$ cat input20.csv   # CSV, C-alpha atoms and all ligand atoms
chain,number,residue,atom,x,y,z
A,1,MET,CA,194.3,203.8,159.6
A,2,THR,CA,194.2,201.2,156.9
A,3,ALA,CA,192.4,198.0,157.9
A,4,ARG,CA,193.9,194.6,157.9
A,5,ILE,CA,192.2,192.5,155.3
A,6,ILE,CA,190.6,189.4,156.8
A,7,ASP,CA,191.4,186.6,154.3
A,8,GLY,CA,188.3,184.4,154.4
A,9,LYS,CA,189.4,182.5,151.4
A,10,ALA,CA,192.7,181.4,153.0
A,11,PHE,CA,191.0,180.7,156.4
A,12,ALA,CA,188.3,178.6,154.7
A,13,ALA,CA,191.0,176.6,152.7
A,14,GLY,CA,192.8,175.8,156.0
A,15,LEU,CA,189.5,174.7,157.6
A,16,ARG,CA,188.6,172.5,154.7
A,17,ALA,CA,192.0,170.9,154.9
A,18,ARG,CA,191.7,170.3,158.6
A,19,LEU,CA,188.2,168.7,158.0
A,20,ALA,CA,189.5,166.5,155.2
A,21,ALA,CA,192.2,165.3,157.5
A,22,ARG,CA,189.6,164.1,160.0
A,23,VAL,CA,187.5,162.1,157.4
A,24,PRO,CA,189.8,159.0,157.3
A,25,SER,CA,189.3,158.2,161.0
A,26,PHE,CA,185.5,158.5,160.5
A,27,VAL,CA,185.7,156.1,157.6
A,28,GLU,CA,187.8,153.7,159.7
A,29,LYS,CA,185.3,153.8,162.5
A,30,THR,CA,182.1,153.5,160.5
A,31,GLY,CA,183.1,151.9,157.2
A,32,ARG,CA,181.7,154.8,155.2
A,33,ALA,CA,182.4,158.5,154.4
A,34,PRO,CA,180.3,161.3,155.8
A,35,GLY,CA,177.5,162.0,153.3
A,36,LEU,CA,175.9,165.3,152.3
A,37,ALA,CA,172.7,165.4,150.2
A,38,VAL,CA,171.9,168.6,148.4
A,39,VAL,CA,168.5,169.2,146.8
A,40,LEU,CA,168.0,171.7,144.1
A,41,VAL,CA,164.5,172.4,142.7
A,42,GLY,CA,164.4,174.4,139.5
A,43,GLU,CA,167.1,176.2,137.5
A,44,ASP,CA,167.9,179.3,139.4
A,45,PRO,CA,171.4,180.2,137.9
A,46,ALA,CA,172.9,181.4,141.2
A,47,SER,CA,171.6,178.3,143.0
A,48,GLN,CA,173.1,176.1,140.3
A,49,VAL,CA,176.5,177.8,140.9
A,50,TYR,CA,176.2,177.3,144.7
A,51,VAL,CA,175.2,173.6,144.4
A,52,ARG,CA,178.1,172.9,142.0
A,53,SER,CA,180.6,174.4,144.4
A,54,LYS,CA,179.1,172.6,147.3
A,55,HIS,CA,179.4,169.3,145.4
A,56,LYS,CA,183.1,170.0,144.5
A,57,ALA,CA,184.1,171.0,148.0
A,58,THR,CA,182.3,167.9,149.5
A,59,VAL,CA,184.1,165.5,147.2
A,60,GLU,CA,187.5,167.3,147.8
A,61,ALA,CA,187.1,166.8,151.5
A,62,GLY,CA,186.7,163.1,151.0
A,63,MET,CA,183.0,163.1,151.8
A,64,GLN,CA,180.1,161.6,149.8
A,65,SER,CA,178.0,164.0,147.8
A,66,PHE,CA,174.5,163.1,146.8
A,67,GLU,CA,172.9,165.6,144.4
A,68,HIS,CA,169.2,165.7,143.7
A,69,ARG,CA,168.1,168.0,140.9
A,70,LEU,CA,164.4,168.3,140.5
A,71,PRO,CA,162.4,170.2,137.9
A,72,ALA,CA,160.9,173.5,138.8
A,73,GLU,CA,157.3,172.1,138.6
A,74,THR,CA,158.1,169.4,141.3
A,75,SER,CA,155.2,169.2,143.7
A,76,GLN,CA,155.6,170.1,147.4
A,77,GLN,CA,154.6,166.5,148.3
A,78,ALA,CA,157.2,165.0,146.0
A,79,LEU,CA,159.9,167.2,147.7
A,80,LEU,CA,158.6,166.2,151.1
A,81,ASP,CA,158.8,162.5,150.0
A,82,LEU,CA,162.4,163.0,148.9
A,83,VAL,CA,163.3,164.7,152.3
A,84,ALA,CA,161.6,161.7,154.1
A,85,ALA,CA,163.7,159.3,152.1
A,86,LEU,CA,166.9,161.2,152.9
A,87,ASN,CA,166.0,161.3,156.6
A,88,ALA,CA,165.7,157.5,156.5
A,89,ASP,CA,168.9,156.9,154.5
A,90,ASP,CA,171.7,156.0,156.9
A,91,SER,CA,174.4,157.0,154.4
A,92,VAL,CA,173.1,160.6,154.5
A,93,ASP,CA,174.4,162.7,157.5
A,94,GLY,CA,173.5,166.1,156.2
A,95,ILE,CA,170.5,167.4,154.1
A,96,LEU,CA,170.5,170.8,152.4
A,97,VAL,CA,167.6,172.0,150.4
A,98,GLN,CA,168.8,174.9,148.4
A,99,LEU,CA,166.8,178.1,148.7
A,100,PRO,CA,165.0,179.9,147.2
A,101,LEU,CA,162.4,177.2,146.3
A,102,PRO,CA,159.8,177.8,143.6
A,103,PRO,CA,156.9,180.0,144.8
A,104,HIS,CA,154.3,177.1,144.8
A,105,ILE,CA,156.4,175.3,147.6
A,106,ASP,CA,156.2,176.4,151.2
A,107,ASP,CA,159.8,176.5,152.3
A,108,LYS,CA,158.9,176.5,156.0
A,109,ALA,CA,157.1,173.1,155.6
A,110,VAL,CA,160.1,171.7,153.7
A,111,LEU,CA,162.7,172.9,156.3
A,112,ALA,CA,160.5,171.6,159.1
A,113,ALA,CA,160.5,168.1,157.5
A,114,ILE,CA,164.3,167.8,157.7
A,115,ASP,CA,165.5,165.6,160.6
A,116,PRO,CA,167.1,168.2,162.9
A,117,ALA,CA,170.1,165.8,163.4
A,118,LYS,CA,170.8,166.1,159.6
A,119,ASP,CA,169.9,169.8,159.3
A,120,VAL,CA,173.4,171.0,158.3
A,121,ASP,CA,172.0,174.4,157.3
A,122,GLY,CA,170.8,174.9,160.9
A,123,PHE,CA,167.5,176.3,159.7
A,124,HIS,CA,165.2,173.9,161.5
A,125,VAL,CA,163.3,175.6,164.4
A,126,VAL,CA,164.7,172.9,166.8
A,127,ASN,CA,168.3,174.0,165.9
A,128,ALA,CA,167.4,177.7,166.1
A,129,GLY,CA,165.8,177.0,169.6
A,130,ARG,CA,168.8,175.0,170.8
A,131,LEU,CA,171.1,177.8,169.7
A,132,ALA,CA,169.0,180.3,171.5
A,133,VAL,CA,169.1,178.4,174.8
A,134,GLY,CA,172.8,177.4,174.5
A,135,GLU,CA,172.3,173.7,173.8
A,136,GLU,CA,174.2,171.6,171.3
A,137,ALA,CA,172.9,172.7,167.9
A,138,LEU,CA,173.7,172.7,164.2
A,139,VAL,CA,174.5,176.4,163.6
A,140,PRO,CA,173.8,178.2,160.3
A,141,CYS,CA,176.9,178.2,158.2
A,142,THR,CA,177.3,181.9,157.3
A,143,PRO,CA,177.1,183.2,160.9
A,144,LEU,CA,179.3,180.4,162.1
A,145,GLY,CA,181.9,181.2,159.5
A,146,SER,CA,181.7,184.9,160.4
A,147,LEU,CA,182.2,184.1,164.1
A,148,MET,CA,185.3,182.0,163.3
A,149,LEU,CA,186.8,184.9,161.3
A,150,LEU,CA,186.1,187.3,164.2
A,151,GLN,CA,187.7,185.0,166.8
A,152,ASP,CA,190.7,184.5,164.5
A,153,ALA,CA,191.0,188.3,164.1
A,154,LEU,CA,190.3,189.4,167.7
A,155,GLY,CA,190.7,186.4,170.0
A,156,ASP,CA,188.4,186.8,173.0
A,157,LEU,CA,185.3,188.8,172.0
A,158,SER,CA,184.0,189.2,175.6
A,159,GLY,CA,182.6,192.6,176.5
A,160,LEU,CA,182.9,194.0,172.9
A,161,HIS,CA,179.9,195.8,171.5
A,162,ALA,CA,178.7,194.0,168.3
A,163,VAL,CA,176.2,195.7,166.0
A,164,VAL,CA,174.5,193.2,163.7
A,165,ILE,CA,172.7,194.9,160.8
A,166,GLY,CA,170.0,192.6,159.6
A,167,ARG,CA,167.5,190.4,161.4
A,168,SER,CA,167.0,187.4,159.1
A,169,ASN,CA,166.6,183.9,160.4
A,170,ILE,CA,169.5,182.7,158.3
A,171,VAL,CA,172.1,185.3,159.3
A,172,GLY,CA,171.2,188.2,161.6
A,173,LYS,CA,169.4,186.3,164.4
A,174,PRO,CA,171.8,183.4,164.7
A,175,MET,CA,174.7,185.8,164.4
A,176,ALA,CA,173.4,187.8,167.3
A,177,GLN,CA,172.9,184.5,169.4
A,178,LEU,CA,176.5,183.4,168.6
A,179,LEU,CA,178.0,186.8,169.6
A,180,LEU,CA,175.9,186.8,172.8
A,181,GLN,CA,177.3,183.4,173.7
A,182,GLN,CA,180.7,184.9,173.3
A,183,SER,CA,179.7,187.6,175.9
A,184,CYS,CA,179.5,190.4,173.4
A,185,THR,CA,177.0,193.3,174.0
A,186,VAL,CA,174.8,192.8,171.0
A,187,THR,CA,172.6,195.3,169.2
A,188,ILE,CA,170.5,194.0,166.3
A,189,ALA,CA,169.7,196.8,163.8
A,190,HIS,CA,167.4,196.6,160.8
A,191,SER,CA,165.5,198.6,158.2
A,192,ARG,CA,163.4,200.3,160.8
A,193,THR,CA,166.3,201.3,163.1
A,194,LYS,CA,166.5,205.0,163.9
A,195,ASP,CA,169.9,206.7,163.4
A,196,LEU,CA,171.6,203.5,162.1
A,197,PRO,CA,174.9,205.4,161.4
A,198,GLY,CA,174.9,206.6,165.1
A,199,ILE,CA,174.4,203.1,166.4
A,200,VAL,CA,177.0,201.5,164.1
A,201,ARG,CA,179.5,204.2,165.2
A,202,LEU,CA,179.3,202.6,168.8
A,203,ALA,CA,180.3,199.2,167.5
A,204,ASP,CA,183.6,197.4,168.1
A,205,ILE,CA,182.3,194.7,165.7
A,206,VAL,CA,180.0,195.4,162.8
A,207,VAL,CA,178.3,192.5,161.0
A,208,ALA,CA,176.5,193.8,157.9
A,209,ALA,CA,173.9,191.4,156.6
A,210,VAL,CA,171.2,193.5,154.9
A,211,GLY,CA,171.6,192.7,151.2
A,212,ARG,CA,171.9,196.4,150.2
A,213,ALA,CA,175.0,197.2,148.1
A,214,GLU,CA,177.5,199.5,149.9
A,215,MET,CA,175.0,200.8,152.4
A,216,VAL,CA,177.4,201.0,155.3
A,217,ARG,CA,179.6,204.1,154.8
A,218,GLY,CA,183.1,204.8,156.1
A,219,ASP,CA,181.9,207.5,158.4
A,220,TRP,CA,179.7,205.0,160.2
A,221,ILE,CA,182.7,203.0,161.4
A,222,LYS,CA,184.4,203.6,164.7
A,223,PRO,CA,188.2,203.9,164.1
A,224,GLY,CA,189.8,200.5,164.6
A,225,ALA,CA,186.5,198.5,164.6
A,226,THR,CA,186.3,195.1,163.0
A,227,VAL,CA,183.9,194.9,160.0
A,228,ILE,CA,182.4,191.6,158.8
A,229,ASP,CA,180.6,192.1,155.4
A,230,VAL,CA,178.1,189.3,154.8
A,231,GLY,CA,176.6,191.0,151.7
A,232,ILE,CA,177.0,189.6,148.2
A,233,ASN,CA,175.4,192.1,145.8
A,234,ARG,CA,175.7,192.1,142.0
A,235,VAL,CA,175.9,195.6,140.6
A,236,PRO,CA,176.8,197.1,137.2
A,237,GLY,CA,180.6,197.1,136.6
A,238,ALA,CA,182.9,199.7,135.1
A,239,GLU,CA,182.5,198.3,131.6
A,240,PRO,CA,179.1,198.4,129.9
A,241,GLY,CA,177.2,195.1,130.2
A,242,LYS,CA,179.6,193.7,132.9
A,243,THR,CA,178.7,193.3,136.6
A,244,LYS,CA,180.7,193.0,139.7
A,245,LEU,CA,180.2,191.8,143.3
A,246,VAL,CA,180.1,194.2,146.2
A,247,GLY,CA,179.3,193.8,149.8
A,248,ASP,CA,176.9,195.7,152.1
A,249,CYS,CA,179.8,198.0,153.1
A,250,ALA,CA,181.4,200.6,151.0
A,251,TYR,CA,184.7,198.8,151.1
A,252,ASP,CA,187.3,201.5,150.4
A,253,GLU,CA,185.7,204.0,152.8
A,254,CYS,CA,185.3,201.4,155.6
A,255,ALA,CA,188.8,199.9,155.1
A,256,ALA,CA,190.2,203.4,155.6
A,257,VAL,CA,188.7,203.6,159.1
A,258,ALA,CA,188.3,200.0,160.3
A,259,GLY,CA,191.0,197.9,162.1
A,260,ALA,CA,190.2,194.8,160.1
A,261,ILE,CA,187.6,194.1,157.4
A,262,THR,CA,186.4,191.2,155.2
A,263,PRO,CA,186.6,191.8,151.5
A,264,VAL,CA,183.8,190.8,149.0
A,265,PRO,CA,184.5,188.4,147.4
A,266,GLY,CA,187.0,186.4,149.4
A,267,GLY,CA,185.7,187.2,152.9
A,268,VAL,CA,182.7,185.5,154.5
A,269,GLY,CA,181.6,183.7,151.3
A,270,PRO,CA,184.2,180.9,151.2
A,271,MET,CA,183.6,180.3,154.9
A,272,THR,CA,179.9,179.3,154.3
A,273,ILE,CA,180.8,176.2,152.3
A,274,ALA,CA,183.7,175.3,154.7
A,275,CYS,CA,181.2,175.5,157.6
A,276,LEU,CA,178.7,173.3,155.7
A,277,LEU,CA,181.4,170.6,155.5
A,278,ARG,CA,182.2,171.2,159.2
A,279,ASN,CA,178.5,170.7,160.1
A,280,THR,CA,178.3,167.6,157.9
A,281,LEU,CA,181.2,166.1,159.8
A,282,VAL,CA,179.8,167.1,163.2
A,283,ALA,CA,176.4,165.6,162.3
A,284,ALA,CA,178.1,162.4,161.0
A,285,HIS,CA,180.0,162.0,164.3
A,286,ARG,CA,176.9,162.7,166.4
A,287,ARG,CA,174.8,160.2,164.4
A,288,ALA,CA,177.6,157.6,164.6
A,289,GLY,CA,177.7,158.0,168.3
B,1,LIG,N1,170.7,179.8,149.3
B,1,LIG,C1,171.6,180.7,149.5
B,1,LIG,N2,172.4,180.4,150.5
B,1,LIG,C2,171.9,179.3,151.1
B,1,LIG,C3,172.3,178.5,152.2
B,1,LIG,O1,173.3,178.8,152.9
B,1,LIG,N3,171.5,177.4,152.4
B,1,LIG,C4,170.5,177.1,151.6
B,1,LIG,N4,169.8,175.9,151.9
B,1,LIG,N5,170.1,177.8,150.5
B,1,LIG,C5,170.8,178.9,150.3
$ encode --input "input20.csv" --output "structure tokens" --more "lines below"
Ligand code: GUN
Amino acid sequence: MTARIIDGKAFAAGLRARLAARVPSFVEKTGRAPGLAVVLVGEDPASQVYVRSKHKATVEAGMQSFEHRLPAETSQQALLDLVAALNADDSVDGILVQLPLPPHIDDKAVLAAIDPAKDVDGFHVVNAGRLAVGEEALVPCTPLGSLMLLQDALGDLSGLHAVVIGRSNIVGKPMAQLLLQQSCTVTIAHSRTKDLPGIVRLADIVVAAVGRAEMVRGDWIKPGATVIDVGINRVPGAEPGKTKLVGDCAYDECAAVAGAITPVPGGVGPMTIACLLRNTLVAAHRRAG
């Protein structure tokens, strides 16, 4: 079997267009566009790229983008003061503090300071708790985007066995919660899991979110399974000095066995920003009442 390629780039473009089409009625109702504030501390090159693409996508969707770039030596208190100001600012519906933060700043304290109603990353414990008990929550963007791709590929997920590889608060745990809500049988595997290949072989759905380049091999995949590759790993390319992006799954091997698979790049990645815009619009509507 050769897997169908799940085109996350195209799906994300469609989602962004649908969101942009819903902005004018919000503007008409409230007299302002939904607003997303993104805070970047320091000069991490990857973070700078992410923040730039978030700004571009926000503006393209007709929303307001507020960018706050602070020097790496910014104190934790100064960052907390900025978060408090953004919490109090009525034109701001969503707040995203780009991670990682410099080592002298406690990211838990900063995330906890964000108003849960504006927590478009879905990282606040209040949103994690609401997701876990099935209450209305802002859901982390990468797992939300992964779920959308799965539902588009498979329709009803009920009764399917999903194996999530990775137990991070940002992807693995919320992904497992979302799949459970869809009535999947969910296994969370991680670095200490015994016989990982044997467990992955049971899965109708594999979500790989471990951050280890090409760890999941083709012979781990049950024929016809759907593979969602969340990994973005930079590895040496074919030419000396060049690098390339690969996922957590060995793509060619897995695509030869799976029923459907997300590529890297062009799979889950583009969904993350689209879901950030979706969360911003959702937060804006909830705040506007
Ligand atoms: N750094 C890398 N990805 C993310 C993300 O989705 N949200 C935040 N806040 N920081 C990140």
$ residues_around --input "input20.csv" --residues "A:Phe11" --least-positions-apart "2" --cutoff "12 Å" --atoms "only C-alpha atoms" --output "MDAnalysis selection string"
chainID A and resid 5:9 13:18 145:146 148:153 262 266:275
$ residues_around --input "input20.csv" --residues "stretch 243-255 of chain A" --least-positions-apart "2" --cutoff "9 Å" --atoms "only C-alpha atoms" --output "PyMOL selection string"
chain A and resi 1-5+208-221+227-241+257-265
$ closest_residue --input "input20.csv" --among "A:Ala57, A:Ala72, A:Ala78, A:Leu101" --to "ligand LIG 1 (chain B)" --atoms "all atoms listed in the file"
A:Leu101
$ closest_atom_pairs --input "input20.csv" --of "chain A" --to "ligand LIG 1 (chain B)" --cutoff "6 Å" --atoms "only C-alpha atoms and all ligand atoms" --output "JSON lines"
{"residue": "A:Leu96", "atom": "CA", "partner": "B:LIG1", "partner_atom": "N4", "distance": 5.2}
{"residue": "A:Val97", "atom": "CA", "partner": "B:LIG1", "partner_atom": "N4", "distance": 4.7}
{"residue": "A:Gln98", "atom": "CA", "partner": "B:LIG1", "partner_atom": "N4", "distance": 3.8}
{"residue": "A:Leu99", "atom": "CA", "partner": "B:LIG1", "partner_atom": "N5", "distance": 3.8}
{"residue": "A:Asp121", "atom": "CA", "partner": "B:LIG1", "partner_atom": "N3", "distance": 5.8}
$ closest_residue --input "input20.csv" --among "A:Val171, A:Ala88, A:Leu154, A:Val126" --to "A:Gly224" --atoms "all atoms listed in the file"
A:Leu154
$ atom_distance --input "input20.csv" --atom1 "atom CA of A:Ala225" --atom2 "atom CA of A:Ile199"
13.1 Å
$ atom_distance --input "input20.csv" --atom1 "atom CA of A:Ala132" --atom2 "atom CA of A:Gly198"
27.7 Å
$ axis_aligned_box --input "input20.csv" --around "stretch 234-239 of chain A" --padding-each-side "6 Å" --output "JSON"
{"center_x": 179.3, "center_y": 195.9, "center_z": 136.8, "size_x": 19.2, "size_y": 19.6, "size_z": 22.4}
$ residues_around --input "input20.csv" --residues "stretch 31-36 of chain A" --least-positions-apart "5" --cutoff "8 Å" --atoms "only C-alpha atoms" --output "PyMOL selection string"
chain A and resi 23-24+26+58+62-66+91-96+280-281+284
$ write_last_selection --input "input20.csv" --atoms "C-alpha atoms" --output "PDB file, in the frame of the given file"
ATOM      1  CA  VAL A  23     187.500 162.100 157.400  1.00  0.00           C
ATOM      2  CA  PRO A  24     189.800 159.000 157.300  1.00  0.00           C
ATOM      3  CA  PHE A  26     185.500 158.500 160.500  1.00  0.00           C
ATOM      4  CA  THR A  58     182.300 167.900 149.500  1.00  0.00           C
ATOM      5  CA  GLY A  62     186.700 163.100 151.000  1.00  0.00           C
ATOM      6  CA  MET A  63     183.000 163.100 151.800  1.00  0.00           C
ATOM      7  CA  GLN A  64     180.100 161.600 149.800  1.00  0.00           C
ATOM      8  CA  SER A  65     178.000 164.000 147.800  1.00  0.00           C
ATOM      9  CA  PHE A  66     174.500 163.100 146.800  1.00  0.00           C
ATOM     10  CA  SER A  91     174.400 157.000 154.400  1.00  0.00           C
ATOM     11  CA  VAL A  92     173.100 160.600 154.500  1.00  0.00           C
ATOM     12  CA  ASP A  93     174.400 162.700 157.500  1.00  0.00           C
ATOM     13  CA  GLY A  94     173.500 166.100 156.200  1.00  0.00           C
ATOM     14  CA  ILE A  95     170.500 167.400 154.100  1.00  0.00           C
ATOM     15  CA  LEU A  96     170.500 170.800 152.400  1.00  0.00           C
ATOM     16  CA  THR A 280     178.300 167.600 157.900  1.00  0.00           C
ATOM     17  CA  LEU A 281     181.200 166.100 159.800  1.00  0.00           C
ATOM     18  CA  ALA A 284     178.100 162.400 161.000  1.00  0.00           C
TER      19      ALA A 284
END
$ atom_distance --input "input20.csv" --atom1 "atom CA of A:His124" --atom2 "atom CA of A:Gly166"
19.4 Å
$ residues_around --input "input20.csv" --residues "A:Val186" --least-positions-apart "2" --cutoff "6 Å" --atoms "only C-alpha atoms" --output "compact mmCIF listing (two decimals) with C-alpha atoms, in the coordinates of the input"
# COMPACT_ATOMS: atom_id res chain seq x y z
CA HIS A 161 179.90 195.80 171.50
CA ALA A 162 178.70 194.00 168.30
CA VAL A 163 176.20 195.70 166.00
CA CYS A 184 179.50 190.40 173.40
$ residues_around --input "input20.csv" --residues "A:Pro143" --least-positions-apart "4" --cutoff "7 Å" --atoms "all atoms listed in the file" --output "list in words"
Leu147, Val171, Pro174 and Met175 of chain A
$ closest_residue --input "input20.csv" --among "A:Ile170, A:Leu19, A:Ala189, A:Ala109" --to "A:Phe123" --atoms "only C-alpha atoms"
A:Ile170
$ closest_residue --input "input20.csv" --among "A:Gly129, A:Ala137, A:Asp204, A:Pro197" --to "A:Asn169" --atoms "all atoms listed in the file"
A:Gly129
$ closest_residue --input "input20.csv" --among "A:Gln177, A:Val39, A:Asp89, A:Ser75" --to "A:Asn127" --atoms "only C-alpha atoms"
A:Gln177
$ closest_residue --input "input20.csv" --among "A:Thr226, A:Asn279, A:Thr193, A:Asn87" --to "A:Ala256" --atoms "all atoms listed in the file"
A:Thr226
